[in-house]
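All remarks here apply to the structure that follows.
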Amino acid sequence: MLQAIVDIQRDIYLAFAEHIKTFANGGGWSAFLAFLPMGIVFGAVHAMTPGHSKAVLAAYLTGASAGMRRGLMVSLALSATHVTMAVVIALFSLPFVSIMLGSAGSAPLLEDVSRGLLGIIGAWMLWSAFFRPLHVHGEGQGVAVGFMAGLIPCPLTLFVMTFAISRGVPEAGIMFALVMMTGVALTLSSVALATVFFRTRMEKLLATQQALLTKISKAVEAVTGLILVIVAVREIFIR
């Protein structure tokens, strides 16, 4: 299954590269725009591969008592930041970017910042689980988590942007990034909504056992916080 997804992703990427070359050689907007919707498919398939903070997103929404609307907001913030960071890096490749980029398609400093900030959120959730009464996390925190998790740039967007810039048509790369962001958002939003749906169903099943529900909610919040802290420590210090 994973190999099939990778193969589809490769085929779409090669097709996009060919269309960008044609556009750069004077092919015009019409043929490029006609193929552009495939970027949505590309983004959705690409987001199914390992990475993209899906596990972090699901873990946070499981322990944060978020509703459907806020779960959607977190996933959209993650998707937008994930793709936008790649566009910004490609467009503004100033000397200091070489410090942030250890190799093509990766950004170690941004990864450390992202995981470090998520670790702080995890530590706060751990403290909250043990020392605060049960509460609903605010919308601002959810969007912040989406932003922090998305700081790691999308490597394939970075590759396509770099390819488009090298051909002298950065606008083609930007258009691709916009439609790809839509596809990534579709996949991550599905993960978010499914997580919230199953969590709320469990809460309804336990609605008559309020004391038990409170204990379980606290335990889930603590486990979520612990997961975020472990991910941060592992990625920053052990990777």
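Ordering of the structure tokens sets the chain letters (A, B, ...), residue numbers begin anew at 1 in every chain, and ligands are numbered from 1 in the order given.
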
* Please provide the set of residues having any atom within 9 Å of region 17-21 of chain A, restricted to only C-alpha atoms, with same-chain residues fewer than 5 positions apart removed, written as a count of residues only. => 13

* Looking at only C-alpha atoms, which of A:His46, A:Arg70, A:His82, A:Arg10 is the one that sits closest to Ile152 (chain A)? -> A:His82

* **Using only C-alpha atoms: which of A:Gly122, A:Gly168, A:Pro155, A:Gly116 has the shortest distance to Phe237 (chain A)** =>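 Counting only C-alpha atoms, the residue closest to Phe237 (chain A) is A:Gly116.
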
* **Contacts of region 184-190 of chain A within 6 Å, only C-alpha atoms, excl. fewer than 4 positions in-chain, as a list in words** =>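 Returned residues: Gly43, Ala44, Ala47, Leu72, Ser75, Leu76, Ser79 and Ala194 of chain A.
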
* Name the residues in contact with Ala55 (chain A) at a cut-off of 12 Å, using only C-alpha atoms, excluding same-chain residues fewer than 4 positions from it; report them as an NGL selection string. => :A and (47-51 or 59-62 or 75 or 149 or 188 or 191-192 or 195 or 224 or 227-228 or 231)

Take the residues from that selection and write them out as a short mmCIF file (atom, residue, chain, number, x, y, z; two decimals), in the first residue's frame, keeping all heavy atoms.
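Saved the output as part15.cif:
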```
data_model
loop_
_atom_site.label_atom_id
_atom_site.label_comp_id
_atom_site.auth_asym_id
_atom_site.auth_seq_id
_atom_site.Cartn_x
_atom_site.Cartn_y
_atom_site.Cartn_z
N ALA A 47 0.55 13.51 1.66
CA ALA A 47 0.30 13.61 3.10
C ALA A 47 -0.02 12.26 3.73
O ALA A 47 0.00 12.13 4.96
CB ALA A 47 -0.84 14.59 3.37
N MET A 48 -0.32 11.25 2.91
CA MET A 48 -0.56 9.90 3.44
C MET A 48 0.73 9.16 3.78
O MET A 48 0.70 8.18 4.52
CB MET A 48 -1.36 9.07 2.43
CG MET A 48 -2.77 9.55 2.19
SD MET A 48 -3.59 8.51 0.94
CE MET A 48 -5.09 9.48 0.66
N THR A 49 1.85 9.62 3.22
CA THR A 49 3.13 8.98 3.50
C THR A 49 3.58 9.33 4.90
O THR A 49 3.09 10.28 5.51
CB THR A 49 4.18 9.42 2.47
OG1 THR A 49 4.32 10.85 2.50
CG2 THR A 49 3.79 8.99 1.07
N PRO A 50 4.53 8.57 5.47
CA PRO A 50 5.00 8.87 6.83
C PRO A 50 5.48 10.31 6.97
O PRO A 50 6.08 10.89 6.06
CB PRO A 50 6.16 7.88 7.02
CG PRO A 50 5.82 6.74 6.12
CD PRO A 50 5.17 7.37 4.91
N GLY A 51 5.22 10.89 8.12
CA GLY A 51 5.60 12.27 8.38
C GLY A 51 4.38 13.17 8.41
O GLY A 51 3.25 12.73 8.66
N ALA A 59 -2.59 12.76 18.36
CA ALA A 59 -2.32 12.69 19.80
C ALA A 59 -2.83 13.94 20.51
O ALA A 59 -3.48 13.85 21.56
CB ALA A 59 -0.82 12.52 20.05
N TYR A 60 -2.57 15.11 19.93
CA TYR A 60 -3.01 16.35 20.57
C TYR A 60 -4.53 16.42 20.64
O TYR A 60 -5.10 16.74 21.68
CB TYR A 60 -2.47 17.56 19.80
CG TYR A 60 -3.05 18.86 20.31
CD1 TYR A 60 -2.61 19.41 21.52
CD2 TYR A 60 -4.07 19.50 19.63
CE1 TYR A 60 -3.18 20.58 22.02
CE2 TYR A 60 -4.65 20.66 20.12
CZ TYR A 60 -4.19 21.20 21.32
OH TYR A 60 -4.77 22.35 21.81
N LEU A 61 -5.21 16.10 19.53
CA LEU A 61 -6.67 16.21 19.50
C LEU A 61 -7.33 15.17 20.40
O LEU A 61 -8.44 15.38 20.89
CB LEU A 61 -7.17 16.07 18.06
CG LEU A 61 -6.81 17.23 17.13
CD1 LEU A 61 -7.27 16.94 15.71
CD2 LEU A 61 -7.41 18.54 17.62
N THR A 62 -6.66 14.06 20.62
CA THR A 62 -7.19 13.05 21.54
C THR A 62 -7.21 13.56 22.97
O THR A 62 -8.15 13.32 23.73
CB THR A 62 -6.36 11.76 21.47
OG1 THR A 62 -6.42 11.23 20.14
CG2 THR A 62 -6.89 10.71 22.45
N SER A 75 -5.77 21.32 11.99
CA SER A 75 -5.25 20.65 10.80
C SER A 75 -4.97 21.64 9.67
O SER A 75 -3.98 21.50 8.94
CB SER A 75 -6.23 19.56 10.33
OG SER A 75 -7.45 20.13 9.90
N ALA A 149 3.69 22.39 14.77
CA ALA A 149 3.91 21.10 14.11
C ALA A 149 4.21 21.27 12.63
O ALA A 149 4.90 20.45 12.03
CB ALA A 149 2.68 20.20 14.29
N LEU A 188 -4.98 15.77 6.17
CA LEU A 188 -4.79 16.07 7.59
C LEU A 188 -6.12 16.39 8.27
O LEU A 188 -6.33 16.04 9.44
CB LEU A 188 -3.81 17.23 7.77
CG LEU A 188 -2.37 16.95 7.32
CD1 LEU A 188 -1.47 18.13 7.66
CD2 LEU A 188 -1.83 15.68 7.96
N VAL A 191 -7.78 13.16 9.12
CA VAL A 191 -7.19 12.59 10.34
C VAL A 191 -7.76 13.29 11.57
O VAL A 191 -8.14 12.65 12.56
CB VAL A 191 -5.65 12.72 10.31
CG1 VAL A 191 -5.05 12.32 11.66
CG2 VAL A 191 -5.07 11.87 9.19
N ALA A 192 -7.81 14.63 11.51
CA ALA A 192 -8.30 15.40 12.65
C ALA A 192 -9.76 15.10 12.96
O ALA A 192 -10.13 14.85 14.12
CB ALA A 192 -8.11 16.90 12.37
N THR A 195 -10.25 11.60 14.39
CA THR A 195 -9.80 11.54 15.78
C THR A 195 -10.83 12.12 16.72
O THR A 195 -11.18 11.53 17.75
CB THR A 195 -8.46 12.30 15.94
OG1 THR A 195 -7.48 11.73 15.07
CG2 THR A 195 -7.97 12.24 17.38
N THR A 224 -0.99 12.21 26.37
CA THR A 224 -0.73 13.07 25.22
C THR A 224 0.45 14.00 25.48
O THR A 224 1.35 14.15 24.64
CB THR A 224 -1.97 13.91 24.87
OG1 THR A 224 -3.06 13.04 24.56
CG2 THR A 224 -1.70 14.82 23.68
N ILE A 227 3.65 12.03 25.41
CA ILE A 227 4.04 11.70 24.03
C ILE A 227 4.72 12.87 23.36
O ILE A 227 5.77 12.73 22.72
CB ILE A 227 2.80 11.24 23.21
CG1 ILE A 227 2.30 9.88 23.69
CG2 ILE A 227 3.13 11.20 21.72
CD1 ILE A 227 1.01 9.45 23.06
N LEU A 228 4.15 14.06 23.52
CA LEU A 228 4.74 15.26 22.90
C LEU A 228 6.13 15.55 23.47
O LEU A 228 7.05 15.91 22.72
CB LEU A 228 3.83 16.47 23.12
CG LEU A 228 2.48 16.44 22.38
CD1 LEU A 228 1.68 17.68 22.71
CD2 LEU A 228 2.68 16.31 20.88
N VAL A 231 8.54 12.86 22.07
CA VAL A 231 8.84 13.16 20.67
C VAL A 231 9.86 14.29 20.58
O VAL A 231 10.83 14.23 19.81
CB VAL A 231 7.55 13.52 19.89
CG1 VAL A 231 7.91 14.13 18.52
CG2 VAL A 231 6.69 12.29 19.70
#
```

* Asked: Could you state the separation of CA of Val145 (chain A) and CA of Ala219 (chain A) in Å, given to one decimal place?
  ->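 Value for the CA of Val145 (chain A)-CA of Ala219 (chain A) distance: 20.0 Å.
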
* Mind giving me the straight-line distance from CA of Ala123 (chain A) to CA of Val74 (chain A) in Å, one decimal? =>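 We find that CA of Ala123 (chain A) and CA of Val74 (chain A) lie 19.0 Å from each other.
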
* Residues near Thr81 (chain A), cut-off 12 Å, only C-alpha atoms, skip fewer than 5 positions along chain, as an NGL selection string -> :A and (52-53 or 74-76 or 86-89 or 110 or 114 or 143-154 or 157 or 177-178 or 181 or 184-185)

* **Coordinates-based distance that separates CA of Met38 (chain A) from CA of Phe23 (chain A) (Å, one decimal)** =>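 Pair CA of Phe23 (chain A) / CA of Met38 (chain A) returns 15.9 Å.
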